[in-house]
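Asks: Got target.pdb for you, PDB, C-alpha atoms, pLDDT in the B column:
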MODEL        1
ATOM      1  CA  GLN A  23     -38.124 232.422 162.801  1.00 90.00           C
ATOM      2  CA  VAL A  24     -40.233 234.537 160.446  1.00 95.00           C
ATOM      3  CA  GLN A  25     -43.539 233.645 158.825  1.00 95.00           C
ATOM      4  CA  LEU A  26     -44.814 235.246 155.635  1.00 96.00           C
ATOM      5  CA  VAL A  27     -48.391 234.969 154.433  1.00 94.00           C
ATOM      6  CA  GLU A  28     -49.529 236.227 151.033  1.00 95.00           C
ATOM      7  CA  SER A  29     -53.048 237.069 149.968  1.00 94.00           C
ATOM      8  CA  GLY A  30     -54.880 238.765 147.138  1.00 94.00           C
ATOM      9  CA  GLY A  31     -54.128 236.669 144.093  1.00 92.00           C
ATOM     10  CA  GLY A  32     -56.779 235.662 141.622  1.00 97.00           C
ATOM     11  CA  LEU A  33     -58.021 236.107 138.103  1.00 97.00           C
ATOM     12  CA  ALA A  34     -57.994 239.379 136.183  1.00 97.00           C
ATOM     13  CA  GLN A  35     -58.492 240.424 132.602  1.00 98.00           C
ATOM     14  CA  ALA A  36     -55.727 242.047 130.606  1.00 98.00           C
ATOM     15  CA  GLY A  37     -55.616 245.718 131.484  1.00 98.00           C
ATOM     16  CA  GLY A  38     -57.103 245.068 134.896  1.00 98.00           C
ATOM     17  CA  SER A  39     -55.693 245.337 138.393  1.00 98.00           C
ATOM     18  CA  LEU A  40     -54.983 243.184 141.413  1.00 98.00           C
ATOM     19  CA  ARG A  41     -53.411 243.920 144.779  1.00 97.00           C
ATOM     20  CA  LEU A  42     -51.287 241.421 146.640  1.00 98.00           C
ATOM     21  CA  ALA A  43     -50.451 241.601 150.330  1.00 96.00           C
ATOM     22  CA  CYS A  44     -47.730 239.909 152.357  1.00 96.00           C
ATOM     23  CA  SER A  45     -47.770 239.953 156.141  1.00 93.00           C
ATOM     24  CA  ALA A  46     -44.652 239.150 158.122  1.00 93.00           C
ATOM     25  CA  SER A  47     -44.631 237.911 161.688  1.00 92.00           C
ATOM     26  CA  GLY A  48     -41.907 236.757 164.029  1.00 92.00           C
ATOM     27  CA  ARG A  49     -38.428 238.126 164.663  1.00 91.00           C
ATOM     28  CA  THR A  50     -37.920 240.450 161.719  1.00 88.00           C
ATOM     29  CA  GLY A  51     -35.876 243.102 163.483  1.00 86.00           C
ATOM     30  CA  SER A  52     -36.140 246.689 162.295  1.00 84.00           C
ATOM     31  CA  ALA A  53     -33.933 246.604 159.195  1.00 87.00           C
ATOM     32  CA  TYR A  54     -34.918 244.278 156.399  1.00 92.00           C
ATOM     33  CA  CYS A  55     -35.843 244.171 152.759  1.00 96.00           C
ATOM     34  CA  MET A  56     -39.015 242.567 151.484  1.00 96.00           C
ATOM     35  CA  GLY A  57     -39.552 241.578 147.898  1.00 98.00           C
ATOM     36  CA  TRP A  58     -41.892 239.956 145.422  1.00 98.00           C
ATOM     37  CA  PHE A  59     -40.805 237.271 143.024  1.00 98.00           C
ATOM     38  CA  ARG A  60     -42.847 235.297 140.514  1.00 98.00           C
ATOM     39  CA  GLN A  61     -42.597 232.005 138.723  1.00 98.00           C
ATOM     40  CA  ALA A  62     -44.490 231.108 135.585  1.00 96.00           C
ATOM     41  CA  PRO A  63     -44.872 227.486 134.458  1.00 91.00           C
ATOM     42  CA  GLY A  64     -41.648 226.184 132.961  1.00 94.00           C
ATOM     43  CA  LYS A  65     -39.699 229.306 133.873  1.00 95.00           C
ATOM     44  CA  GLU A  66     -37.238 230.337 136.565  1.00 95.00           C
ATOM     45  CA  ARG A  67     -38.397 232.387 139.514  1.00 95.00           C
ATOM     46  CA  GLU A  68     -37.809 236.026 138.671  1.00 97.00           C
ATOM     47  CA  PHE A  69     -37.581 239.221 140.645  1.00 98.00           C
ATOM     48  CA  VAL A  70     -40.524 241.637 140.497  1.00 98.00           C
ATOM     49  CA  ALA A  71     -40.044 244.379 143.107  1.00 98.00           C
ATOM     50  CA  ALA A  72     -38.480 245.045 146.490  1.00 98.00           C
ATOM     51  CA  ILE A  73     -38.718 247.615 149.280  1.00 97.00           C
ATOM     52  CA  SER A  74     -36.427 248.556 152.142  1.00 95.00           C
ATOM     53  CA  TRP A  75     -38.450 248.589 155.329  1.00 92.00           C
ATOM     54  CA  SER A  76     -36.282 251.201 157.076  1.00 90.00           C
ATOM     55  CA  THR A  77     -35.770 253.640 154.181  1.00 92.00           C
ATOM     56  CA  GLY A  78     -38.771 252.965 151.957  1.00 93.00           C
ATOM     57  CA  ASN A  79     -36.538 252.760 148.905  1.00 96.00           C
ATOM     58  CA  THR A  80     -37.955 250.608 146.130  1.00 97.00           C
ATOM     59  CA  TYR A  81     -36.623 248.742 143.133  1.00 98.00           C
ATOM     60  CA  TYR A  82     -38.511 247.206 140.193  1.00 98.00           C
ATOM     61  CA  ALA A  83     -37.863 244.809 137.392  1.00 98.00           C
ATOM     62  CA  ASP A  84     -37.997 246.556 134.024  1.00 98.00           C
ATOM     63  CA  SER A  85     -40.904 244.357 132.973  1.00 97.00           C
ATOM     64  CA  VAL A  86     -43.200 245.813 135.656  1.00 98.00           C
ATOM     65  CA  LYS A  87     -41.843 249.344 136.048  1.00 98.00           C
ATOM     66  CA  GLY A  88     -44.609 251.908 135.666  1.00 98.00           C
ATOM     67  CA  ARG A  89     -47.346 249.284 136.110  1.00 98.00           C
ATOM     68  CA  PHE A  90     -46.670 247.783 139.557  1.00 98.00           C
ATOM     69  CA  THR A  91     -46.205 249.644 142.829  1.00 98.00           C
ATOM     70  CA  ILE A  92     -44.706 248.127 145.952  1.00 98.00           C
ATOM     71  CA  SER A  93     -45.464 249.689 149.314  1.00 96.00           C
ATOM     72  CA  ARG A  94     -45.305 248.970 153.021  1.00 92.00           C
ATOM     73  CA  ASP A  95     -47.657 249.562 155.894  1.00 86.00           C
ATOM     74  CA  ASN A  96     -46.304 249.792 159.374  1.00 73.00           C
ATOM     75  CA  ALA A  97     -49.454 250.954 161.103  1.00 71.00           C
ATOM     76  CA  LYS A  98     -50.183 249.308 164.407  1.00 59.00           C
ATOM     77  CA  ASN A  99     -52.978 247.058 163.158  1.00 59.00           C
ATOM     78  CA  THR A 100     -51.342 246.080 159.879  1.00 61.00           C
ATOM     79  CA  LYS A 101     -47.760 246.031 161.001  1.00 70.00           C
ATOM     80  CA  ASN A 102     -45.172 244.516 158.692  1.00 86.00           C
ATOM     81  CA  THR A 103     -47.491 244.240 155.730  1.00 93.00           C
ATOM     82  CA  MET A 104     -46.216 244.760 152.213  1.00 95.00           C
ATOM     83  CA  TYR A 105     -48.397 245.334 149.171  1.00 96.00           C
ATOM     84  CA  LEU A 106     -47.994 244.967 145.437  1.00 98.00           C
ATOM     85  CA  GLN A 107     -50.484 246.998 143.437  1.00 98.00           C
ATOM     86  CA  MET A 108     -50.561 245.570 139.931  1.00 98.00           C
ATOM     87  CA  ASN A 109     -52.162 247.693 137.225  1.00 98.00           C
ATOM     88  CA  SER A 110     -52.345 247.324 133.450  1.00 98.00           C
ATOM     89  CA  LEU A 111     -51.949 243.587 133.839  1.00 98.00           C
ATOM     90  CA  LYS A 112     -50.787 241.524 130.891  1.00 98.00           C
ATOM     91  CA  PRO A 113     -51.181 237.794 130.211  1.00 97.00           C
ATOM     92  CA  GLU A 114     -47.412 237.443 130.651  1.00 96.00           C
ATOM     93  CA  ASP A 115     -47.838 238.530 134.290  1.00 98.00           C
ATOM     94  CA  THR A 116     -49.501 235.181 134.962  1.00 98.00           C
ATOM     95  CA  ALA A 117     -47.442 233.369 137.592  1.00 98.00           C
ATOM     96  CA  VAL A 118     -47.270 232.285 141.195  1.00 98.00           C
ATOM     97  CA  TYR A 119     -46.198 235.331 143.179  1.00 98.00           C
ATOM     98  CA  SER A 120     -44.177 234.819 146.349  1.00 98.00           C
ATOM     99  CA  CYS A 121     -42.925 237.281 148.905  1.00 98.00           C
ATOM    100  CA  GLY A 122     -39.591 237.004 150.611  1.00 97.00           C
ATOM    101  CA  ILE A 123     -37.723 238.763 153.391  1.00 97.00           C
ATOM    102  CA  ALA A 124     -34.012 239.525 153.576  1.00 97.00           C
ATOM    103  CA  LEU A 125     -33.205 240.098 157.230  1.00 95.00           C
ATOM    104  CA  GLY A 126     -30.698 242.678 158.350  1.00 93.00           C
ATOM    105  CA  ARG A 127     -30.631 244.500 155.006  1.00 91.00           C
ATOM    106  CA  VAL A 128     -31.182 248.243 154.650  1.00 91.00           C
ATOM    107  CA  LEU A 129     -30.550 248.212 150.900  1.00 94.00           C
ATOM    108  CA  VAL A 130     -33.051 246.690 148.502  1.00 95.00           C
ATOM    109  CA  THR A 131     -31.966 243.606 146.634  1.00 95.00           C
ATOM    110  CA  ALA A 132     -33.219 241.604 143.668  1.00 96.00           C
ATOM    111  CA  GLN A 133     -30.924 238.670 144.448  1.00 96.00           C
ATOM    112  CA  ARG A 134     -32.760 235.559 145.654  1.00 95.00           C
ATOM    113  CA  PRO A 135     -29.897 234.194 147.829  1.00 95.00           C
ATOM    114  CA  TYR A 136     -30.222 237.181 150.156  1.00 96.00           C
ATOM    115  CA  TYR A 137     -33.803 236.278 151.049  1.00 97.00           C
ATOM    116  CA  ASP A 138     -34.073 234.188 154.175  1.00 97.00           C
ATOM    117  CA  TYR A 139     -37.767 233.268 154.316  1.00 97.00           C
ATOM    118  CA  TRP A 140     -40.527 232.891 151.773  1.00 97.00           C
ATOM    119  CA  GLY A 141     -44.281 232.800 151.742  1.00 97.00           C
ATOM    120  CA  GLN A 142     -46.302 229.966 150.255  1.00 96.00           C
ATOM    121  CA  GLY A 143     -47.147 231.864 147.072  1.00 96.00           C
ATOM    122  CA  THR A 144     -50.376 233.087 145.517  1.00 97.00           C
ATOM    123  CA  GLN A 145     -51.575 232.486 141.963  1.00 97.00           C
ATOM    124  CA  VAL A 146     -52.162 235.409 139.624  1.00 98.00           C
ATOM    125  CA  THR A 147     -53.819 234.621 136.307  1.00 98.00           C
ATOM    126  CA  VAL A 148     -54.361 237.256 133.638  1.00 98.00           C
ATOM    127  CA  SER A 149     -56.644 236.394 130.745  1.00 97.00           C
ATOM    128  CA  SER A 150     -56.396 238.015 127.340  1.00 92.00           C
TER     129      SER A 150
ENDMDL
END
Please rewrite the model in this file as structure tokens.
Replies:
Amino acid sequence: QVQLVESGGGLAQAGGSLRLACSASGRTGSAYCMGWFRQAPGKEREFVAAISWSTGNTYYADSVKGRFTISRDNAKNTKNTMYLQMNSLKPEDTAVYSCGIALGRVLVTAQRPYYDYWGQGTQVTVSS
């Protein structure tokens, strides 16, 4: 069993920044992919970014490339924590952001079915 807890959502103005964090606990193993997805009202959940925990490789949706940065922190006191630094925010970035983990994967993936566990989600609202 794996638990994911997100934090860091909130309200920002267009052009501003926010940083999201996702901490994983439980039996993750050493090879897994973690990703961020978002869902705006009335829309499907969409992929945002993903990172391979073992290689550090990253992958971004075109809509956030160059504005968002995904990273991981495996230091002893913040082990298994993933971040999403969101800069140059736009109103269309408004959504509930959720993190997921795909166990046993070295390669990054944007495909939802590969993700085994999800966090509860955190709201990001960008005002114009």
Asks: Which residues would end up in the selection if the PyMOL selection byres ((chain A and resi 88-96) around 8) were applied here, given that I need the answer as a ChimeraX atom specification?
Replies: /A:71-73,75,78,80,86-87,97-98,100-111
Asks: Just need the box for segment 83-100 of chain A, edges along x, y and z, holding every atom the file lists for it with 6 Å tacked onto each side, so centre and edge lengths in Å to one decimal, as AutoDock Vina command-line options.
Replies:
--center_x -45.4 --center_y 248.1 --center_z 148.7 --size_x 27.1 --size_y 19.6 --size_z 43.4
Asks: Rounded to one decimal, what separation in Å do you get between atom CA of Arg49 of chain A and atom CA of Gln145 of chain A?
Replies: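 According to the coordinates, atom CA of Arg49 of chain A and atom CA of Gln145 of chain A are separated by 26.8 Å.
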Asks: I want to know what sits within 10 Å of segment 50-53 of chain A, based on all atoms listed in the file, with residues of the same chain fewer than 4 positions away left out; could you give that as a tab-separated table (two decimals) with C-alpha atoms, in the frame of the given file?
Replies:
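Listed below is the output, result_31.tsv:
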chain	number	residue	atom	x	y	z
A	23	GLN	CA	-38.12	232.42	162.80
A	24	VAL	CA	-40.23	234.54	160.45
A	25	GLN	CA	-43.54	233.64	158.82
A	46	ALA	CA	-44.65	239.15	158.12
A	74	SER	CA	-36.43	248.56	152.14
A	75	TRP	CA	-38.45	248.59	155.33
A	76	SER	CA	-36.28	251.20	157.08
A	77	THR	CA	-35.77	253.64	154.18
A	102	ASN	CA	-45.17	244.52	158.69
A	123	ILE	CA	-37.72	238.76	153.39
A	124	ALA	CA	-34.01	239.52	153.58
A	125	LEU	CA	-33.20	240.10	157.23
A	126	GLY	CA	-30.70	242.68	158.35
A	127	ARG	CA	-30.63	244.50	155.01
A	128	VAL	CA	-31.18	248.24	154.65
A	129	LEU	CA	-30.55	248.21	150.90
Asks: Given only C-alpha atoms as the basis, pick out the residue of A:Val70, A:Val27, A:Val148, A:Leu40 nearest to Asp84 of chain A.
Replies: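 The answer is A:Val70, which sits nearest to Asp84 of chain A.
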Asks: Determine the nearest neighbour of Thr144 of chain A from the options A:Gly64, A:Cys121, A:Ser45, A:Ala132, counting only C-alpha atoms.
Replies: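 Checking each candidate against Thr144 of chain A, we get A:Cys121 as the closest.
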Asks: For the atom pair atom CA of Thr147 of chain A and atom CA of Leu26 of chain A, what is the interatomic distance in Å to one decimal place?
Replies: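 Going from atom CA of Thr147 of chain A over to atom CA of Leu26 of chain A, I get 21.3 Å.
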Asks: Is it possible to add N, CA and C atoms to segment 53-87 of chain A and hand it back as a compact mmCIF listing (two decimals), in the coordinates of the input?
Replies:
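Okay, this is what ended up in rebuild_10.txt:
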# COMPACT_ATOMS: atom_id res chain seq x y z
N ALA A 53 -34.56 246.33 160.49
CA ALA A 53 -33.93 246.60 159.20
C ALA A 53 -34.02 245.35 158.35
N TYR A 54 -34.81 245.42 157.31
CA TYR A 54 -34.92 244.28 156.40
C TYR A 54 -35.48 244.75 155.07
N CYS A 55 -35.32 243.91 154.10
CA CYS A 55 -35.84 244.17 152.76
C CYS A 55 -36.90 243.11 152.48
N MET A 56 -38.00 243.53 151.91
CA MET A 56 -39.02 242.57 151.48
C MET A 56 -39.20 242.68 149.98
N GLY A 57 -39.43 241.57 149.34
CA GLY A 57 -39.55 241.58 147.90
C GLY A 57 -40.60 240.62 147.39
N TRP A 58 -40.99 240.84 146.15
CA TRP A 58 -41.89 239.96 145.42
C TRP A 58 -41.13 239.32 144.27
N PHE A 59 -41.33 238.03 144.14
CA PHE A 59 -40.80 237.27 143.02
C PHE A 59 -41.97 236.51 142.39
N ARG A 60 -41.80 236.07 141.16
CA ARG A 60 -42.85 235.30 140.51
C ARG A 60 -42.24 234.18 139.68
N GLN A 61 -43.04 233.14 139.51
CA GLN A 61 -42.60 232.00 138.72
C GLN A 61 -43.74 231.53 137.85
N ALA A 62 -43.52 231.61 136.55
CA ALA A 62 -44.49 231.11 135.58
C ALA A 62 -44.16 229.66 135.26
N PRO A 63 -45.13 228.90 134.77
CA PRO A 63 -44.87 227.49 134.46
C PRO A 63 -43.71 227.33 133.48
N GLY A 64 -42.78 226.46 133.83
CA GLY A 64 -41.65 226.18 132.96
C GLY A 64 -40.56 227.24 132.96
N LYS A 65 -40.69 228.23 133.84
CA LYS A 65 -39.70 229.31 133.87
C LYS A 65 -39.05 229.40 135.25
N GLU A 66 -37.91 230.09 135.30
CA GLU A 66 -37.24 230.34 136.56
C GLU A 66 -38.01 231.39 137.36
N ARG A 67 -37.83 231.34 138.68
CA ARG A 67 -38.40 232.39 139.51
C ARG A 67 -37.67 233.69 139.20
N GLU A 68 -38.42 234.75 139.02
CA GLU A 68 -37.81 236.03 138.67
C GLU A 68 -38.23 237.13 139.64
N PHE A 69 -37.34 238.09 139.77
CA PHE A 69 -37.58 239.22 140.65
C PHE A 69 -38.65 240.13 140.05
N VAL A 70 -39.49 240.70 140.93
CA VAL A 70 -40.52 241.64 140.50
C VAL A 70 -40.27 243.02 141.11
N ALA A 71 -40.21 243.09 142.43
CA ALA A 71 -40.04 244.38 143.11
C ALA A 71 -39.59 244.14 144.53
N ALA A 72 -38.94 245.16 145.11
CA ALA A 72 -38.48 245.04 146.49
C ALA A 72 -38.55 246.41 147.17
N ILE A 73 -38.64 246.38 148.50
CA ILE A 73 -38.72 247.62 149.28
C ILE A 73 -37.89 247.46 150.54
N SER A 74 -37.17 248.53 150.88
CA SER A 74 -36.43 248.56 152.14
C SER A 74 -37.37 249.03 153.24
N TRP A 75 -37.50 248.22 154.29
CA TRP A 75 -38.45 248.59 155.33
C TRP A 75 -38.03 249.85 156.08
N SER A 76 -36.73 250.06 156.28
CA SER A 76 -36.28 251.20 157.08
C SER A 76 -36.23 252.49 156.27
N THR A 77 -35.91 252.42 154.98
CA THR A 77 -35.77 253.64 154.18
C THR A 77 -36.96 253.88 153.26
N GLY A 78 -37.68 252.84 152.92
CA GLY A 78 -38.77 252.96 151.96
C GLY A 78 -38.31 252.96 150.51
N ASN A 79 -37.02 252.82 150.28
CA ASN A 79 -36.54 252.76 148.90
C ASN A 79 -37.11 251.53 148.20
N THR A 80 -37.37 251.69 146.91
CA THR A 80 -37.96 250.61 146.13
C THR A 80 -37.12 250.32 144.90
N TYR A 81 -37.34 249.15 144.34
CA TYR A 81 -36.62 248.74 143.13
C TYR A 81 -37.54 247.81 142.36
N TYR A 82 -37.59 247.99 141.03
CA TYR A 82 -38.51 247.21 140.19
C TYR A 82 -37.78 246.54 139.05
N ALA A 83 -38.30 245.41 138.64
CA ALA A 83 -37.86 244.81 137.39
C ALA A 83 -38.36 245.67 136.24
N ASP A 84 -37.61 245.73 135.17
CA ASP A 84 -38.00 246.56 134.02
C ASP A 84 -39.36 246.15 133.48
N SER A 85 -39.67 244.86 133.56
CA SER A 85 -40.90 244.36 132.97
C SER A 85 -42.16 244.87 133.68
N VAL A 86 -42.02 245.36 134.91
CA VAL A 86 -43.20 245.81 135.66
C VAL A 86 -43.14 247.30 136.00
N LYS A 87 -42.03 247.94 135.70
CA LYS A 87 -41.84 249.34 136.05
C LYS A 87 -42.93 250.19 135.39
